[in-house]
>>> print(open('structure26.cif').read())   # mmCIF, N, CA and C atoms and all ligand atoms
data_input
#
loop_
_atom_site.group_PDB
_atom_site.id
_atom_site.type_symbol
_atom_site.label_atom_id
_atom_site.label_comp_id
_atom_site.auth_asym_id
_atom_site.auth_seq_id
_atom_site.Cartn_x
_atom_site.Cartn_y
_atom_site.Cartn_z
ATOM 1 N N MET A 1 -2.850 -37.171 24.839
ATOM 2 C CA MET A 1 -2.195 -38.157 23.974
ATOM 3 C C MET A 1 -1.857 -39.395 24.803
ATOM 4 N N THR A 2 -2.248 -40.533 24.310
ATOM 5 C CA THR A 2 -1.934 -41.786 24.975
ATOM 6 C C THR A 2 -0.999 -42.587 24.085
ATOM 7 N N GLU A 3 0.145 -42.959 24.640
ATOM 8 C CA GLU A 3 1.100 -43.751 23.887
ATOM 9 C C GLU A 3 0.910 -45.228 24.246
ATOM 10 N N VAL A 4 0.747 -46.047 23.213
ATOM 11 C CA VAL A 4 0.463 -47.472 23.416
ATOM 12 C C VAL A 4 1.578 -48.303 22.806
ATOM 13 N N LEU A 5 2.049 -49.276 23.565
ATOM 14 C CA LEU A 5 3.078 -50.179 23.073
ATOM 15 C C LEU A 5 2.476 -51.144 22.060
ATOM 16 N N VAL A 6 3.093 -51.242 20.888
ATOM 17 C CA VAL A 6 2.639 -52.168 19.849
ATOM 18 C C VAL A 6 3.401 -53.481 19.938
ATOM 19 N N GLY A 7 4.706 -53.413 20.099
ATOM 20 C CA GLY A 7 5.531 -54.613 20.179
ATOM 21 C C GLY A 7 6.914 -54.335 19.633
ATOM 22 N N SER A 8 7.642 -55.411 19.399
ATOM 23 C CA SER A 8 8.996 -55.274 18.882
ATOM 24 C C SER A 8 8.971 -55.069 17.376
ATOM 25 N N LEU A 9 9.856 -54.203 16.900
ATOM 26 C CA LEU A 9 9.928 -53.951 15.461
ATOM 27 C C LEU A 9 10.194 -55.252 14.700
ATOM 28 N N VAL A 10 11.047 -56.108 15.225
ATOM 29 C CA VAL A 10 11.400 -57.336 14.508
ATOM 30 C C VAL A 10 10.215 -58.299 14.411
ATOM 31 N N ASP A 11 9.214 -58.122 15.264
ATOM 32 C CA ASP A 11 8.041 -59.006 15.213
ATOM 33 C C ASP A 11 6.994 -58.530 14.211
ATOM 34 N N LEU A 12 7.145 -57.286 13.724
ATOM 35 C CA LEU A 12 6.217 -56.788 12.706
ATOM 36 C C LEU A 12 6.728 -57.243 11.353
ATOM 37 N N ARG A 13 5.900 -57.998 10.652
ATOM 38 C CA ARG A 13 6.319 -58.498 9.337
ATOM 39 C C ARG A 13 6.280 -57.383 8.306
ATOM 40 N N GLU A 14 7.261 -57.421 7.452
ATOM 41 C CA GLU A 14 7.357 -56.422 6.396
ATOM 42 C C GLU A 14 6.119 -56.476 5.501
ATOM 43 N N ASP A 15 5.488 -55.324 5.328
ATOM 44 C CA ASP A 15 4.365 -55.195 4.401
ATOM 45 C C ASP A 15 3.191 -56.117 4.716
ATOM 46 N N VAL A 16 3.027 -56.450 5.976
ATOM 47 C CA VAL A 16 1.844 -57.182 6.425
ATOM 48 C C VAL A 16 1.255 -56.386 7.580
ATOM 49 N N GLY A 17 -0.029 -56.119 7.517
ATOM 50 C CA GLY A 17 -0.654 -55.306 8.544
ATOM 51 C C GLY A 17 -0.743 -56.016 9.880
ATOM 52 N N THR A 18 -0.726 -55.226 10.937
ATOM 53 C CA THR A 18 -0.914 -55.728 12.291
ATOM 54 C C THR A 18 -2.090 -54.980 12.897
ATOM 55 N N CYS A 19 -3.058 -55.739 13.421
ATOM 56 C CA CYS A 19 -4.244 -55.141 14.032
ATOM 57 C C CYS A 19 -3.934 -54.844 15.500
ATOM 58 N N VAL A 20 -4.165 -53.604 15.923
ATOM 59 C CA VAL A 20 -3.829 -53.197 17.280
ATOM 60 C C VAL A 20 -5.026 -52.487 17.908
ATOM 61 N N ASP A 21 -5.340 -52.855 19.146
ATOM 62 C CA ASP A 21 -6.294 -52.089 19.941
ATOM 63 C C ASP A 21 -5.460 -51.123 20.766
ATOM 64 N N ALA A 22 -5.465 -49.859 20.360
ATOM 65 C CA ALA A 22 -4.634 -48.860 21.027
ATOM 66 C C ALA A 22 -5.528 -47.951 21.861
ATOM 67 N N ALA A 23 -5.573 -48.224 23.144
ATOM 68 C CA ALA A 23 -6.402 -47.426 24.059
ATOM 69 C C ALA A 23 -7.851 -47.375 23.581
ATOM 70 N N GLY A 24 -8.336 -48.503 23.064
ATOM 71 C CA GLY A 24 -9.720 -48.594 22.618
ATOM 72 C C GLY A 24 -9.939 -48.153 21.184
ATOM 73 N N VAL A 25 -8.890 -47.726 20.516
ATOM 74 C CA VAL A 25 -8.980 -47.301 19.122
ATOM 75 C C VAL A 25 -8.390 -48.397 18.237
ATOM 76 N N ALA A 26 -9.151 -48.833 17.229
ATOM 77 C CA ALA A 26 -8.672 -49.875 16.319
ATOM 78 C C ALA A 26 -7.709 -49.242 15.314
ATOM 79 N N VAL A 27 -6.483 -49.746 15.313
ATOM 80 C CA VAL A 27 -5.413 -49.175 14.492
ATOM 81 C C VAL A 27 -4.799 -50.281 13.646
ATOM 82 N N ALA A 28 -4.477 -49.940 12.411
ATOM 83 C CA ALA A 28 -3.733 -50.852 11.527
ATOM 84 C C ALA A 28 -2.300 -50.340 11.444
ATOM 85 N N VAL A 29 -1.359 -51.207 11.803
ATOM 86 C CA VAL A 29 0.057 -50.825 11.843
ATOM 87 C C VAL A 29 0.784 -51.566 10.733
ATOM 88 N N PHE A 30 1.639 -50.835 10.029
ATOM 89 C CA PHE A 30 2.375 -51.404 8.903
ATOM 90 C C PHE A 30 3.851 -51.078 9.036
ATOM 91 N N ARG A 31 4.680 -52.064 8.746
ATOM 92 C CA ARG A 31 6.130 -51.848 8.755
ATOM 93 C C ARG A 31 6.631 -51.831 7.312
ATOM 94 N N SER A 32 7.503 -50.863 7.057
ATOM 95 C CA SER A 32 8.181 -50.804 5.773
ATOM 96 C C SER A 32 9.651 -50.521 6.071
ATOM 97 N N GLY A 33 10.456 -51.562 6.043
ATOM 98 C CA GLY A 33 11.852 -51.402 6.450
ATOM 99 C C GLY A 33 11.934 -51.058 7.925
ATOM 100 N N HIS A 34 12.613 -49.943 8.225
ATOM 101 C CA HIS A 34 12.711 -49.507 9.620
ATOM 102 C C HIS A 34 11.627 -48.492 9.969
ATOM 103 N N ASP A 35 10.761 -48.216 9.012
ATOM 104 C CA ASP A 35 9.678 -47.259 9.249
ATOM 105 C C ASP A 35 8.401 -48.005 9.621
ATOM 106 N N VAL A 36 7.619 -47.377 10.486
ATOM 107 C CA VAL A 36 6.341 -47.952 10.907
ATOM 108 C C VAL A 36 5.265 -46.877 10.751
ATOM 109 N N PHE A 37 4.126 -47.275 10.218
ATOM 110 C CA PHE A 37 3.026 -46.344 9.976
ATOM 111 C C PHE A 37 1.762 -46.909 10.620
ATOM 112 N N ALA A 38 0.898 -46.002 11.044
ATOM 113 C CA ALA A 38 -0.350 -46.429 11.681
ATOM 114 C C ALA A 38 -1.504 -45.599 11.140
ATOM 115 N N ILE A 39 -2.557 -46.288 10.743
ATOM 116 C CA ILE A 39 -3.765 -45.626 10.257
ATOM 117 C C ILE A 39 -4.971 -46.248 10.963
ATOM 118 N N ALA A 40 -6.104 -45.551 10.880
ATOM 119 C CA ALA A 40 -7.330 -46.112 11.444
ATOM 120 C C ALA A 40 -7.634 -47.433 10.751
ATOM 121 N N ASN A 41 -8.093 -48.385 11.541
ATOM 122 C CA ASN A 41 -8.282 -49.727 10.990
ATOM 123 C C ASN A 41 -9.606 -49.890 10.247
ATOM 124 N N ARG A 42 -10.468 -48.916 10.311
ATOM 125 C CA ARG A 42 -11.776 -49.037 9.665
ATOM 126 C C ARG A 42 -11.761 -48.315 8.320
ATOM 127 N N CYS A 43 -12.023 -49.055 7.264
ATOM 128 C CA CYS A 43 -12.090 -48.463 5.937
ATOM 129 C C CYS A 43 -13.130 -47.344 5.913
ATOM 130 N N SER A 44 -12.818 -46.253 5.227
ATOM 131 C CA SER A 44 -13.737 -45.109 5.184
ATOM 132 C C SER A 44 -14.945 -45.383 4.290
ATOM 133 N N HIS A 45 -14.918 -46.467 3.524
ATOM 134 C CA HIS A 45 -16.059 -46.811 2.667
ATOM 135 C C HIS A 45 -17.127 -47.572 3.447
ATOM 136 N N ALA A 46 -16.720 -48.529 4.244
ATOM 137 C CA ALA A 46 -17.666 -49.315 5.030
ATOM 138 C C ALA A 46 -16.958 -49.807 6.284
ATOM 139 N N GLU A 47 -17.160 -51.066 6.647
ATOM 140 C CA GLU A 47 -16.688 -51.511 7.954
ATOM 141 C C GLU A 47 -15.468 -52.407 7.902
ATOM 142 N N ALA A 48 -14.820 -52.526 6.774
ATOM 143 C CA ALA A 48 -13.751 -53.505 6.652
ATOM 144 C C ALA A 48 -12.524 -53.129 7.473
ATOM 145 N N SER A 49 -11.766 -54.165 7.820
ATOM 146 C CA SER A 49 -10.579 -54.030 8.650
ATOM 147 C C SER A 49 -9.345 -53.906 7.749
ATOM 148 N N LEU A 50 -8.749 -52.720 7.734
ATOM 149 C CA LEU A 50 -7.636 -52.484 6.800
ATOM 150 C C LEU A 50 -6.371 -53.261 7.177
ATOM 151 N N CYS A 51 -6.228 -53.636 8.426
ATOM 152 C CA CYS A 51 -5.028 -54.388 8.817
ATOM 153 C C CYS A 51 -5.012 -55.773 8.178
ATOM 154 N N GLU A 52 -6.155 -56.202 7.630
ATOM 155 C CA GLU A 52 -6.231 -57.512 6.983
ATOM 156 C C GLU A 52 -6.065 -57.418 5.470
ATOM 157 N N GLY A 53 -5.814 -56.211 4.979
ATOM 158 C CA GLY A 53 -5.655 -56.022 3.545
ATOM 159 C C GLY A 53 -4.259 -56.350 3.060
ATOM 160 N N GLU A 54 -4.153 -56.490 1.758
ATOM 161 C CA GLU A 54 -2.841 -56.722 1.151
ATOM 162 C C GLU A 54 -2.079 -55.408 1.053
ATOM 163 N N VAL A 55 -0.778 -55.479 1.284
ATOM 164 C CA VAL A 55 0.065 -54.293 1.289
ATOM 165 C C VAL A 55 1.084 -54.396 0.159
ATOM 166 N N PHE A 56 1.215 -53.315 -0.594
ATOM 167 C CA PHE A 56 2.227 -53.286 -1.640
ATOM 168 C C PHE A 56 2.551 -51.833 -1.948
ATOM 169 N N ASP A 57 3.834 -51.561 -2.121
ATOM 170 C CA ASP A 57 4.274 -50.221 -2.543
ATOM 171 C C ASP A 57 3.701 -49.095 -1.692
ATOM 172 N N GLY A 58 3.650 -49.291 -0.392
ATOM 173 C CA GLY A 58 3.154 -48.220 0.473
ATOM 174 C C GLY A 58 1.658 -48.027 0.469
ATOM 175 N N GLU A 59 0.937 -48.996 -0.083
ATOM 176 C CA GLU A 59 -0.519 -48.924 -0.114
ATOM 177 C C GLU A 59 -1.107 -50.181 0.510
ATOM 178 N N VAL A 60 -2.274 -50.019 1.134
ATOM 179 C CA VAL A 60 -3.003 -51.190 1.615
ATOM 180 C C VAL A 60 -4.323 -51.242 0.867
ATOM 181 N N GLU A 61 -4.681 -52.435 0.448
ATOM 182 C CA GLU A 61 -5.919 -52.639 -0.292
ATOM 183 C C GLU A 61 -6.985 -53.184 0.651
ATOM 184 N N CYS A 62 -8.098 -52.480 0.725
ATOM 185 C CA CYS A 62 -9.191 -52.924 1.578
ATOM 186 C C CYS A 62 -9.628 -54.329 1.161
ATOM 187 N N PRO A 63 -9.760 -55.250 2.130
ATOM 188 C CA PRO A 63 -10.098 -56.627 1.776
ATOM 189 C C PRO A 63 -11.543 -56.803 1.326
ATOM 190 N N LEU A 64 -12.400 -55.802 1.526
ATOM 191 C CA LEU A 64 -13.811 -55.992 1.183
ATOM 192 C C LEU A 64 -14.130 -55.577 -0.255
ATOM 193 N N HIS A 65 -13.803 -54.347 -0.628
ATOM 194 C CA HIS A 65 -14.135 -53.879 -1.982
ATOM 195 C C HIS A 65 -12.924 -53.387 -2.755
ATOM 196 N N GLY A 66 -11.755 -53.443 -2.157
ATOM 197 C CA GLY A 66 -10.537 -53.195 -2.917
ATOM 198 C C GLY A 66 -10.032 -51.763 -2.991
ATOM 199 N N ALA A 67 -10.619 -50.833 -2.265
ATOM 200 C CA ALA A 67 -10.075 -49.474 -2.280
ATOM 201 C C ALA A 67 -8.651 -49.486 -1.722
ATOM 202 N N ALA A 68 -7.799 -48.644 -2.287
ATOM 203 C CA ALA A 68 -6.420 -48.561 -1.804
ATOM 204 C C ALA A 68 -6.228 -47.296 -0.977
ATOM 205 N N PHE A 69 -5.453 -47.421 0.076
ATOM 206 C CA PHE A 69 -5.119 -46.285 0.939
ATOM 207 C C PHE A 69 -3.608 -46.178 1.061
ATOM 208 N N ASP A 70 -3.119 -44.939 1.087
ATOM 209 C CA ASP A 70 -1.712 -44.682 1.345
ATOM 210 C C ASP A 70 -1.457 -44.911 2.834
ATOM 211 N N ILE A 71 -0.539 -45.821 3.169
ATOM 212 C CA ILE A 71 -0.314 -46.130 4.580
ATOM 213 C C ILE A 71 0.431 -45.019 5.304
ATOM 214 N N THR A 72 1.009 -44.077 4.567
ATOM 215 C CA THR A 72 1.740 -42.983 5.229
ATOM 216 C C THR A 72 0.848 -41.772 5.480
ATOM 217 N N THR A 73 -0.163 -41.561 4.619
ATOM 218 C CA THR A 73 -1.005 -40.361 4.750
ATOM 219 C C THR A 73 -2.456 -40.682 5.069
ATOM 220 N N GLY A 74 -2.870 -41.934 4.875
ATOM 221 C CA GLY A 74 -4.269 -42.313 5.069
ATOM 222 C C GLY A 74 -5.164 -41.932 3.905
ATOM 223 N N LYS A 75 -4.600 -41.334 2.868
ATOM 224 C CA LYS A 75 -5.391 -40.872 1.729
ATOM 225 C C LYS A 75 -5.999 -42.047 0.964
ATOM 226 N N ALA A 76 -7.270 -41.882 0.586
ATOM 227 C CA ALA A 76 -7.912 -42.877 -0.271
ATOM 228 C C ALA A 76 -7.412 -42.672 -1.694
ATOM 229 N N LEU A 77 -6.855 -43.723 -2.276
ATOM 230 C CA LEU A 77 -6.217 -43.613 -3.585
ATOM 231 C C LEU A 77 -7.104 -44.116 -4.718
ATOM 232 N N THR A 78 -8.024 -45.027 -4.396
ATOM 233 C CA THR A 78 -8.897 -45.571 -5.436
ATOM 234 C C THR A 78 -10.311 -45.747 -4.892
ATOM 235 N N LEU A 79 -11.259 -45.741 -5.796
ATOM 236 C CA LEU A 79 -12.645 -46.013 -5.445
ATOM 237 C C LEU A 79 -12.781 -47.470 -5.003
ATOM 238 N N PRO A 80 -13.802 -47.801 -4.234
ATOM 239 C CA PRO A 80 -14.952 -46.969 -3.908
ATOM 240 C C PRO A 80 -14.743 -46.020 -2.725
ATOM 241 N N ALA A 81 -13.606 -46.068 -2.055
ATOM 242 C CA ALA A 81 -13.389 -45.123 -0.952
ATOM 243 C C ALA A 81 -13.027 -43.753 -1.527
ATOM 244 N N THR A 82 -13.566 -42.716 -0.910
ATOM 245 C CA THR A 82 -13.239 -41.351 -1.333
ATOM 246 C C THR A 82 -12.701 -40.517 -0.182
ATOM 247 N N GLN A 83 -12.913 -40.969 1.026
ATOM 248 C CA GLN A 83 -12.469 -40.220 2.195
ATOM 249 C C GLN A 83 -11.221 -40.861 2.798
ATOM 250 N N PRO A 84 -10.325 -40.045 3.337
ATOM 251 C CA PRO A 84 -9.123 -40.605 3.965
ATOM 252 C C PRO A 84 -9.465 -41.269 5.297
ATOM 253 N N VAL A 85 -8.515 -42.020 5.806
ATOM 254 C CA VAL A 85 -8.633 -42.547 7.165
ATOM 255 C C VAL A 85 -7.604 -41.824 8.025
ATOM 256 N N ALA A 86 -7.843 -41.799 9.320
ATOM 257 C CA ALA A 86 -6.942 -41.108 10.244
ATOM 258 C C ALA A 86 -5.564 -41.762 10.262
ATOM 259 N N THR A 87 -4.574 -40.966 10.519
ATOM 260 C CA THR A 87 -3.224 -41.485 10.726
ATOM 261 C C THR A 87 -2.829 -41.225 12.177
ATOM 262 N N TYR A 88 -1.914 -42.035 12.648
ATOM 263 C CA TYR A 88 -1.450 -41.892 14.026
ATOM 264 C C TYR A 88 0.070 -41.869 14.053
ATOM 265 N N ARG A 89 0.600 -41.100 14.975
ATOM 266 C CA ARG A 89 2.046 -40.983 15.097
ATOM 267 C C ARG A 89 2.623 -42.287 15.653
ATOM 268 N N THR A 90 3.708 -42.719 15.080
ATOM 269 C CA THR A 90 4.391 -43.899 15.587
ATOM 270 C C THR A 90 5.804 -43.508 16.006
ATOM 271 N N ASP A 91 6.370 -44.315 16.868
ATOM 272 C CA ASP A 91 7.725 -44.066 17.344
ATOM 273 C C ASP A 91 8.384 -45.417 17.579
ATOM 274 N N VAL A 92 9.634 -45.530 17.177
ATOM 275 C CA VAL A 92 10.401 -46.752 17.434
ATOM 276 C C VAL A 92 11.570 -46.366 18.330
ATOM 277 N N ARG A 93 11.569 -46.933 19.527
ATOM 278 C CA ARG A 93 12.640 -46.647 20.486
ATOM 279 C C ARG A 93 13.258 -47.957 20.952
ATOM 280 N N ASP A 94 14.551 -48.068 20.742
ATOM 281 C CA ASP A 94 15.267 -49.290 21.139
ATOM 282 C C ASP A 94 14.576 -50.541 20.605
ATOM 283 N N GLY A 95 14.106 -50.462 19.373
ATOM 284 C CA GLY A 95 13.512 -51.633 18.742
ATOM 285 C C GLY A 95 12.086 -51.913 19.151
ATOM 286 N N THR A 96 11.496 -51.019 19.946
ATOM 287 C CA THR A 96 10.111 -51.202 20.378
ATOM 288 C C THR A 96 9.233 -50.144 19.720
ATOM 289 N N VAL A 97 8.067 -50.583 19.239
ATOM 290 C CA VAL A 97 7.175 -49.705 18.477
ATOM 291 C C VAL A 97 6.040 -49.206 19.371
ATOM 292 N N PHE A 98 5.784 -47.906 19.273
ATOM 293 C CA PHE A 98 4.682 -47.290 20.008
ATOM 294 C C PHE A 98 3.801 -46.531 19.028
ATOM 295 N N VAL A 99 2.518 -46.436 19.346
ATOM 296 C CA VAL A 99 1.609 -45.600 18.561
ATOM 297 C C VAL A 99 0.933 -44.632 19.532
ATOM 298 N N SER A 100 0.747 -43.397 19.077
ATOM 299 C CA SER A 100 0.151 -42.367 19.931
ATOM 300 C C SER A 100 -1.262 -42.064 19.467
ATOM 301 N N ILE A 101 -2.192 -42.070 20.414
ATOM 302 C CA ILE A 101 -3.595 -41.808 20.140
ATOM 303 C C ILE A 101 -3.974 -40.473 20.784
ATOM 304 N N PRO A 102 -4.508 -39.541 20.003
ATOM 305 C CA PRO A 102 -4.922 -38.264 20.571
ATOM 306 C C PRO A 102 -5.970 -38.473 21.670
ATOM 307 N N ASP A 103 -5.983 -37.596 22.642
ATOM 308 C CA ASP A 103 -6.925 -37.729 23.763
ATOM 309 C C ASP A 103 -8.365 -37.726 23.312
ATOM 310 N N SER A 104 -8.659 -37.044 22.211
ATOM 311 C CA SER A 104 -10.047 -36.982 21.744
ATOM 312 C C SER A 104 -10.537 -38.314 21.205
ATOM 313 N N GLU A 105 -9.626 -39.250 20.948
ATOM 314 C CA GLU A 105 -10.025 -40.534 20.372
ATOM 315 C C GLU A 105 -9.924 -41.692 21.348
ATOM 316 N N ASP A 106 -9.070 -41.567 22.394
ATOM 317 C CA ASP A 106 -8.968 -42.735 23.269
ATOM 318 C C ASP A 106 -10.220 -42.822 24.127
ATOM 319 N N SER A 107 -10.473 -44.028 24.610
ATOM 320 C CA SER A 107 -11.714 -44.245 25.361
ATOM 321 C C SER A 107 -11.460 -44.383 26.839
HETATM 322 S S1 LIG B 201 -15.258 -51.480 2.827
HETATM 323 FE FE1 LIG B 201 -13.319 -50.880 2.102
HETATM 324 S S2 LIG B 201 -13.626 -50.436 0.013
HETATM 325 FE FE2 LIG B 201 -15.570 -50.974 0.740
#
>>> encode(input="structure26.cif", output="structure tokens", more="lines below")
Ligand code: FES
Amino acid sequence: MTEVLVGSLVDLREDVGTCVDAAGVAVAVFRSGHDVFAIANRCSHAEASLCEGEVFDGEVECPLHGAAFDITTGKALTLPATQPVATYRTDVRDGTVFVSIPDSEDS
């Protein structure tokens, strides 16, 4: 497991994705209040970057074809995506956000 520093919680905008290169893994990080969630940044339908999607009500909408994903579980909620995306553990310590990448995924 590799823990990667994302930044300060106050610098993450509410309900706006942040694109993070975490140990070579592309991750989309989302803040909702004091909670932070991280999912794989690549849409399971094609190659779109989920951190650039619109966020509302705990969902992110893929900017390419509009599939929605649950930012807490990675589950695909609407077509055309049918497969979930990976989720990653996040931790907020003293106002600093970290994301953990399993050893099998870091490069
Ligand atoms: S690339 Fe995301 S829905 Fe098609």
>>> residues_near_ligand(input="structure26.cif", ligand="ligand LIG 201 (chain B)", cutoff="10 Å", atoms="only C-alpha atoms and all ligand atoms", output="list in words")
Arg42, Cys43, Ser44, His45, Ala46, Glu47, Ala48, Ser49, Leu50, Gly53, Glu61, Cys62, Pro63, Leu64, His65, Gly66, Ala67, Ala68, Phe69, Ala76, Thr78, Leu79, Pro80, Ala81 and Thr82 of chain A
>>> write_last_selection(input="structure26.cif", atoms="N, CA and C atoms", output="compact mmCIF listing (two decimals), in the frame of the given file")
# COMPACT_ATOMS: atom_id res chain seq x y z
N ARG A 42 -10.47 -48.92 10.31
CA ARG A 42 -11.78 -49.04 9.66
C ARG A 42 -11.76 -48.32 8.32
N CYS A 43 -12.02 -49.06 7.26
CA CYS A 43 -12.09 -48.46 5.94
C CYS A 43 -13.13 -47.34 5.91
N SER A 44 -12.82 -46.25 5.23
CA SER A 44 -13.74 -45.11 5.18
C SER A 44 -14.94 -45.38 4.29
N HIS A 45 -14.92 -46.47 3.52
CA HIS A 45 -16.06 -46.81 2.67
C HIS A 45 -17.13 -47.57 3.45
N ALA A 46 -16.72 -48.53 4.24
CA ALA A 46 -17.67 -49.32 5.03
C ALA A 46 -16.96 -49.81 6.28
N GLU A 47 -17.16 -51.07 6.65
CA GLU A 47 -16.69 -51.51 7.95
C GLU A 47 -15.47 -52.41 7.90
N ALA A 48 -14.82 -52.53 6.77
CA ALA A 48 -13.75 -53.50 6.65
C ALA A 48 -12.52 -53.13 7.47
N SER A 49 -11.77 -54.16 7.82
CA SER A 49 -10.58 -54.03 8.65
C SER A 49 -9.35 -53.91 7.75
N LEU A 50 -8.75 -52.72 7.73
CA LEU A 50 -7.64 -52.48 6.80
C LEU A 50 -6.37 -53.26 7.18
N GLY A 53 -5.81 -56.21 4.98
CA GLY A 53 -5.66 -56.02 3.54
C GLY A 53 -4.26 -56.35 3.06
N GLU A 61 -4.68 -52.44 0.45
CA GLU A 61 -5.92 -52.64 -0.29
C GLU A 61 -6.98 -53.18 0.65
N CYS A 62 -8.10 -52.48 0.72
CA CYS A 62 -9.19 -52.92 1.58
C CYS A 62 -9.63 -54.33 1.16
N PRO A 63 -9.76 -55.25 2.13
CA PRO A 63 -10.10 -56.63 1.78
C PRO A 63 -11.54 -56.80 1.33
N LEU A 64 -12.40 -55.80 1.53
CA LEU A 64 -13.81 -55.99 1.18
C LEU A 64 -14.13 -55.58 -0.26
N HIS A 65 -13.80 -54.35 -0.63
CA HIS A 65 -14.14 -53.88 -1.98
C HIS A 65 -12.92 -53.39 -2.76
N GLY A 66 -11.76 -53.44 -2.16
CA GLY A 66 -10.54 -53.20 -2.92
C GLY A 66 -10.03 -51.76 -2.99
N ALA A 67 -10.62 -50.83 -2.26
CA ALA A 67 -10.07 -49.47 -2.28
C ALA A 67 -8.65 -49.49 -1.72
N ALA A 68 -7.80 -48.64 -2.29
CA ALA A 68 -6.42 -48.56 -1.80
C ALA A 68 -6.23 -47.30 -0.98
N PHE A 69 -5.45 -47.42 0.08
CA PHE A 69 -5.12 -46.28 0.94
C PHE A 69 -3.61 -46.18 1.06
N ALA A 76 -7.27 -41.88 0.59
CA ALA A 76 -7.91 -42.88 -0.27
C ALA A 76 -7.41 -42.67 -1.69
N THR A 78 -8.02 -45.03 -4.40
CA THR A 78 -8.90 -45.57 -5.44
C THR A 78 -10.31 -45.75 -4.89
N LEU A 79 -11.26 -45.74 -5.80
CA LEU A 79 -12.64 -46.01 -5.44
C LEU A 79 -12.78 -47.47 -5.00
N PRO A 80 -13.80 -47.80 -4.23
CA PRO A 80 -14.95 -46.97 -3.91
C PRO A 80 -14.74 -46.02 -2.72
N ALA A 81 -13.61 -46.07 -2.06
CA ALA A 81 -13.39 -45.12 -0.95
C ALA A 81 -13.03 -43.75 -1.53
N THR A 82 -13.57 -42.72 -0.91
CA THR A 82 -13.24 -41.35 -1.33
C THR A 82 -12.70 -40.52 -0.18
>>> resolve_selection(input="structure26.cif", expression="the PyMOL selection byres (((chain A and resi 22) around 7) and not hetatm)", output="list in words")
Val4, Val20, Asp21, Ala23, Gly24, Val25, Ala26, Val27, Ile101, Asp106 and Ser107 of chain A
>>> write_last_selection(input="structure26.cif", atoms="N, CA and C atoms", output="short mmCIF file (atom, residue, chain, number, x, y, z; two decimals), in the coordinates of the input")
data_model
loop_
_atom_site.label_atom_id
_atom_site.label_comp_id
_atom_site.auth_asym_id
_atom_site.auth_seq_id
_atom_site.Cartn_x
_atom_site.Cartn_y
_atom_site.Cartn_z
N VAL A 4 0.75 -46.05 23.21
CA VAL A 4 0.46 -47.47 23.42
C VAL A 4 1.58 -48.30 22.81
N VAL A 20 -4.16 -53.60 15.92
CA VAL A 20 -3.83 -53.20 17.28
C VAL A 20 -5.03 -52.49 17.91
N ASP A 21 -5.34 -52.86 19.15
CA ASP A 21 -6.29 -52.09 19.94
C ASP A 21 -5.46 -51.12 20.77
N ALA A 23 -5.57 -48.22 23.14
CA ALA A 23 -6.40 -47.43 24.06
C ALA A 23 -7.85 -47.38 23.58
N GLY A 24 -8.34 -48.50 23.06
CA GLY A 24 -9.72 -48.59 22.62
C GLY A 24 -9.94 -48.15 21.18
N VAL A 25 -8.89 -47.73 20.52
CA VAL A 25 -8.98 -47.30 19.12
C VAL A 25 -8.39 -48.40 18.24
N ALA A 26 -9.15 -48.83 17.23
CA ALA A 26 -8.67 -49.88 16.32
C ALA A 26 -7.71 -49.24 15.31
N VAL A 27 -6.48 -49.75 15.31
CA VAL A 27 -5.41 -49.18 14.49
C VAL A 27 -4.80 -50.28 13.65
N ILE A 101 -2.19 -42.07 20.41
CA ILE A 101 -3.60 -41.81 20.14
C ILE A 101 -3.97 -40.47 20.78
N ASP A 106 -9.07 -41.57 22.39
CA ASP A 106 -8.97 -42.74 23.27
C ASP A 106 -10.22 -42.82 24.13
N SER A 107 -10.47 -44.03 24.61
CA SER A 107 -11.71 -44.24 25.36
C SER A 107 -11.46 -44.38 26.84
#
>>> resolve_selection(input="structure26.cif", expression="the PyMOL selection byres (((chain A and resi 90-98) around 6) and not hetatm)", output="PyMOL selection string")
chain A and resi 4-10+36+38+88-89+99-100
>>> closest_residue(input="structure26.cif", among="A:Lys75, A:Asp35, A:Asp15, A:Met1", to="Asp57 in chain A", atoms="only C-alpha atoms")
A:Asp15
>>> atom_distance(input="structure26.cif", atom1="CA of Phe30 in chain A", atom2="CA of Gln83 in chain A")
19.8 Å
>>> atom_distance(input="structure26.cif", atom1="CA of Thr72 in chain A", atom2="CA of Phe37 in chain A")
6.0 Å
>>> axis_aligned_box(input="structure26.cif", around="range 88-91 of chain A", padding_each_side="6 Å", output="lines of an AutoDock Vina configuration file")
center_x = 3.2
center_y = -43.2
center_z = 15.1
size_x = 22.3
size_y = 16.4
size_z = 16.9
>>> closest_residue(input="structure26.cif", among="A:Asp103, A:Glu14, A:Glu3, A:Asp70", to="Gly58 in chain A", atoms="only C-alpha atoms")
A:Asp70
>>> select_by_dssp(input="structure26.cif", residues="chain A", states="strand (DSSP E or B)", output="PyMOL selection string")
chain A and resi 2-8+14+16+18-22+25-32+35-40+42+49+54-56+59-61+68-70+76+87-93+96-101
>>> resolve_selection(input="structure26.cif", expression="the PyMOL selection byres (((chain A and resi 28 and name CA) around 6) and not hetatm and name CA)", output="list in words")
Thr18, Cys19, Val27, Val29, Ala38, Ile39, Ala40, Asn41 and Cys51 of chain A
